[in-house]
Structures are given as structure tokens and as C-alpha cells.
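Structure first, commentary second.
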Amino acid sequence: AAERQNQKDKADRATHEQVLDNRTRETLQKLVNRGYFEVIAGCISTGKEANVYLAHPGTDTPSEPFPYPAAVAVKIYRTSILNFRARQKYIEGEHRFAGGYSSSKNARKLVRLWAEKELRNLRRLVQGGVRAPIVIEQRSNVLVMEFLGRDGVASPRLRDADLSNSKLARLYGELLVTMRRMYHSCQLVHADLSDYNVLYHDSHVYIIDVGQSVEHDHPRAFDFLRTDIRNVEEFFSKRSGGEVRTLGLRRAWSFIVDESVGLAKEDEAGDEGEDRLLDVLREWLERPEEKSEATEVDDAVFFSSYIPRTLGEVYDPERDIDILKSGKGDQLIYAGITQLDISGKGAEDEATPEEKAEDE
Ligand code: ADP
Ligand code: MG
């Protein structure tokens, strides 16, 4: 047993050393010096791109956020170059990262960007009324956020949570409303949404892991959203053995994206808004899917062929006006979306001068 423990220690050390290079250690030290946390109490997760640790704050915590969380999760992005290729597709085409970052060969810079992106996206989620960990601070490749859990035990991922079908049904509704809010209020598409990246916390679904999330006007936002929807639909129907009724890809898409689901915009905000949206969803679920000429196409075909693959395809105003004039407006799958912004605004997302200096 001692031998096995020894080997395990070695393995742990190896895992940690991979992520904790000297500069990461320095970063952690700075965060400790500023009171964000005092001790790392345990490892919550080791992943391909990041490790997540549980840490306890000391007595002298920063004044923000207030109240300071009783425990924090420290996400440390790996600085090895291995996974960057996979990340490129999320960063390319995003105006927030225009200006040469995407071709950067500087691994550390790219990782920092990734962490920074997660910080901003988490902030936007919370501001847009989506349940997500409160984000506290990001420095280089380290992100500090509220720990979702109790007594040092992290809340389970949706895939690991033991849930009755009636709970699953409720959470399905909540997650669809969440996806709608992410899209409309936060103007984000998660882009890696699945039962891995949703935590079941405090009887609700919480969204995590949003480093790769993109603006809803990202050239591939529709692709990513389609995959997100598919993952969610599949999880709930499989996990419940088909007992939980779901909307199906196509109607889920409408529920999330359509400008109006029968509610005025101001009626969608806040807790009451959530209840109203849930009522709408319930109605939709009780109503069998309408089979008009346009909807006869099976979900799968619809999803593989009818959604424009790039915004370039979406923004062909002349073609679309022709379609509208001929009275076939419902063929425009994105017809419910009027707020797409391809103007390249978003200067507020620039790195701060301080952060830039850190990289020089
Ligand atoms: P990645 O998938 O890139 O490794 P995630 O952000 O998904 O990183 O985090 C990995 C795991 O760590 C999650 O599946 C979750 O179990 C746990 N985790 C992440 N953030 C928190 C948090 N704020 N509170 C509790 N657990 C968390
Ligand atoms: Mg994850």
C-alpha cells in the first residue's frame, strides 16, 4: 500500500508540475499576497487544458466581491502548446481578438487570452441573469472564481448528478431558458455546452467553462449553437429513457433564438421572466410539433443543411429580401434574429494597459 501511495504521490506531483511552471507559481503567489486565497486545499479536476483547485480564503480578503465567497475555485490553464490548435477556431473571426493575437506563437499570451476570455464571459453570464460562478480575478493563466459546492465538496456535473425524471424535466426547462438568456441577454453562444459543463448546484443548473464561448455574431456561432442544442436534447432524453419530453432540435432552436417567443422583451428579465419563459416552454411541449411544409424536413436534415454555415451566407440582404418579398420569410431560419452585429465594435473588450504591459 505504501508503494502504491508513493506512486500516486509521484503521479500527482507530475500532474501538478506540468501545470505549475515557475511563472504560474509566481502568479499564484501574487494572488495569495493580495488575499484572493490563502491555501490550495485540493484538486477538483485535472483536464486537458486546465486544472481546477479548491482554495480557502484567509481573513484579509479583497473587498470585492462582497460578500467574499467562503471558498474559491482556482482554474489554472496549462501553458503547454499542445491544445492550441483546437482553440484557434474559437478565436479566429472574433472581433474581440482582432489585431494579430490569433496568429500569435506566444503560447503564454494565448493562454492568458483564453483565461481572460473566460473571465469576461463569466461576467457577462452573471450580468445577463444566467446562473454561473461569480468570477473574482484573472491573472495570466489563472482564474479565480466562486466555488460551487458545499463543505469543500464540489457540486456534481449534470452527468454525475443523480436526478429523478421529474427533476430532469424541470432542469431541462431551466437549461433552455438559460440558453435563451445566454443568447439574447449575454449575446454569447457557449460552444461547448454539454452535461460536462453544467453543474447541478443548489437545485439549479449552473453554466461553467466558457473560455471558448463566442459572440452570437461569431462566424461559426450557429454551428456551435446547433451542437450545444443537440447535446442538451440528447442528454435529457437519454438520461430519462425518453421520459422527459424535449422540444426537438428545431423547436429548441426557435425557443432559444427567436426574437419573440410570445413575450415582450421586458417580460423576460428577472426571476418572474424566467417563470414566464418556463410557462411558454411548457405550452410548446404540450403542443405537438406543427408539420407545415417548411417543417416537414426531419430535424437532422434541417440542422445539417438549412443553417447558414457562415455569417457571410447569412448576410446576403438582397437574396433575403427577395425571399421575404416572395412571402417565404419563414424559410429564413435566422429570421427571428435581428440583432446580429457584424460592425466589429467591442472595443471595451480590449486588454487593459496593465495587462498589456504584463505581456511585453
Ligand atoms: P475544463 O473542462 O476546461 O477542464 P472546467 O471549467 O469545465 O474546465 O472545469 C473542470 C471541472 O472542474 C468541472 O467539470 C467541474 O467539475 C469543476 N469546476 C469548475 N469550476 C468550478 C467551480 N466554480 N466550482 C466547483 N467546481 C468547478
Ligand atoms: Mg469542462
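Order determines the names: the first chain of the C-alpha cells is A, the second B, and so forth; residues in each chain are numbered 1 upward, and ligands are numbered 1 upward as they are shown.
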Set the cut-off to 8 Å, count only C-alpha atoms and all ligand atoms, and list whatever residues fall near ligand 2 as a compact mmCIF listing (two decimals) with N, CA, C and O atoms, in the first residue's frame.
# COMPACT_ATOMS: atom_id res chain seq x y z
N GLY A 47 -7.85 18.47 -16.20
CA GLY A 47 -8.36 18.32 -17.56
C GLY A 47 -7.25 18.47 -18.57
O GLY A 47 -6.09 18.62 -18.22
N ASP A 192 -19.46 24.85 -26.03
CA ASP A 192 -19.01 23.55 -25.53
C ASP A 192 -20.00 23.11 -24.45
O ASP A 192 -19.62 22.61 -23.40
N TYR A 196 -21.16 17.88 -19.24
CA TYR A 196 -19.88 18.07 -18.57
C TYR A 196 -19.71 19.48 -18.03
O TYR A 196 -19.01 19.70 -17.05
N ASN A 197 -20.29 20.42 -18.73
CA ASN A 197 -20.04 21.82 -18.39
C ASN A 197 -21.24 22.53 -17.80
O ASN A 197 -21.37 23.75 -17.88
N ILE A 208 -20.70 26.56 -16.59
CA ILE A 208 -19.27 26.79 -16.39
C ILE A 208 -18.52 26.58 -17.71
O ILE A 208 -19.11 26.20 -18.71
N ASP A 209 -17.21 26.82 -17.64
CA ASP A 209 -16.31 26.51 -18.76
C ASP A 209 -16.64 27.29 -20.02
O ASP A 209 -16.96 26.72 -21.06
Nearby residues, ligand 1, 8 Å, only C-alpha atoms and all ligand atoms, as a PyMOL selection string: chain A and resi 44-54+72-75+77+132-134+145-149+154-157+196-199+208-211
Who sits within 9 Å of segment 112-129 of chain A, only C-alpha atoms, same chain under 4 positions skipped, as a PyMOL selection string: chain A and resi 75-77+79+87+91+97+101+107-108+133-145+178+181-182+184-188+207-214+269-271+349+351
Backbone DSSP call of strand (DSSP E) for segment 98-319 of chain A, listed as a ChimeraX atom specification: /A:135-139,142-146,149-150,153-154,188-189,198-201,204-207,214-215
Output C-alpha atoms for every residue in the selection just made, as a PDB file, in the first residue's frame.
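Once everything was written out, this is result-v2.pdb:
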ATOM      1  CA  VAL A 135     -15.806  35.471 -11.201  1.00  0.00           C
ATOM      2  CA  ILE A 136     -13.299  37.095  -8.885  1.00  0.00           C
ATOM      3  CA  GLU A 137      -9.980  37.685 -10.607  1.00  0.00           C
ATOM      4  CA  GLN A 138      -7.837  36.597 -13.505  1.00  0.00           C
ATOM      5  CA  ARG A 139      -4.111  36.963 -13.794  1.00  0.00           C
ATOM      6  CA  VAL A 142      -5.065  31.729 -13.560  1.00  0.00           C
ATOM      7  CA  LEU A 143      -8.728  32.405 -12.964  1.00  0.00           C
ATOM      8  CA  VAL A 144     -10.270  32.718  -9.516  1.00  0.00           C
ATOM      9  CA  MET A 145     -13.998  32.250  -9.151  1.00  0.00           C
ATOM     10  CA  GLU A 146     -16.652  31.361  -6.649  1.00  0.00           C
ATOM     11  CA  GLY A 149     -20.192  23.300  -3.779  1.00  0.00           C
ATOM     12  CA  ARG A 150     -20.656  22.708  -0.092  1.00  0.00           C
ATOM     13  CA  VAL A 153     -17.244  19.131  -1.964  1.00  0.00           C
ATOM     14  CA  ALA A 154     -17.799  20.432  -5.490  1.00  0.00           C
ATOM     15  CA  LEU A 188     -22.996  34.566 -26.276  1.00  0.00           C
ATOM     16  CA  VAL A 189     -23.062  31.024 -27.559  1.00  0.00           C
ATOM     17  CA  VAL A 198     -23.247  22.299 -16.475  1.00  0.00           C
ATOM     18  CA  LEU A 199     -23.146  21.871 -12.704  1.00  0.00           C
ATOM     19  CA  TYR A 200     -26.112  20.872 -10.604  1.00  0.00           C
ATOM     20  CA  HIS A 201     -25.793  23.270  -7.699  1.00  0.00           C
ATOM     21  CA  HIS A 204     -30.305  24.682 -10.223  1.00  0.00           C
ATOM     22  CA  VAL A 205     -28.203  24.370 -13.340  1.00  0.00           C
ATOM     23  CA  TYR A 206     -25.050  26.485 -13.393  1.00  0.00           C
ATOM     24  CA  ILE A 207     -23.055  27.166 -16.522  1.00  0.00           C
ATOM     25  CA  VAL A 214     -18.239  33.133 -28.714  1.00  0.00           C
ATOM     26  CA  GLU A 215     -20.187  36.251 -29.537  1.00  0.00           C
TER      27      GLU A 215
END
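Comparing the minimum interatomic distances between Leu277 of chain A and each of A:Ser63, A:Leu176, A:Ala169, A:Pro219, counting only C-alpha atoms, we find that A:Leu176 sits nearest.
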Å distance separating atom CA of Ser240 of chain A from atom CA of Leu168 of chain A, one decimal place: 7.4 Å
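What separates atom CA of Asp202 of chain A from atom CA of Glu38 of chain A is a distance of 25.5 Å.
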Counting only C-alpha atoms, the option among A:Val177, A:Leu263, A:Leu225, A:Ala191 closest to Leu281 of chain A: A:Val177
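Note that the spacing between atom CA of Asp258 of chain A and atom CA of Asp195 of chain A amounts to 24.2 Å.
Ranking A:Asp267, A:Glu26, A:Glu259, A:Asp160 by their shortest atom-to-atom distance to Phe235 of chain A, with only C-alpha atoms included, puts A:Asp160 first.
Nearest residue to Val39 of chain A, choosing from A:Arg276, A:Lys109, A:Arg230, A:His56 and counting only C-alpha atoms: A:His56.
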Counting only C-alpha atoms, the residue of A:Arg25, A:Lys167, A:Lys265, A:Arg180 that sits nearest Arg239 of chain A: A:Lys167
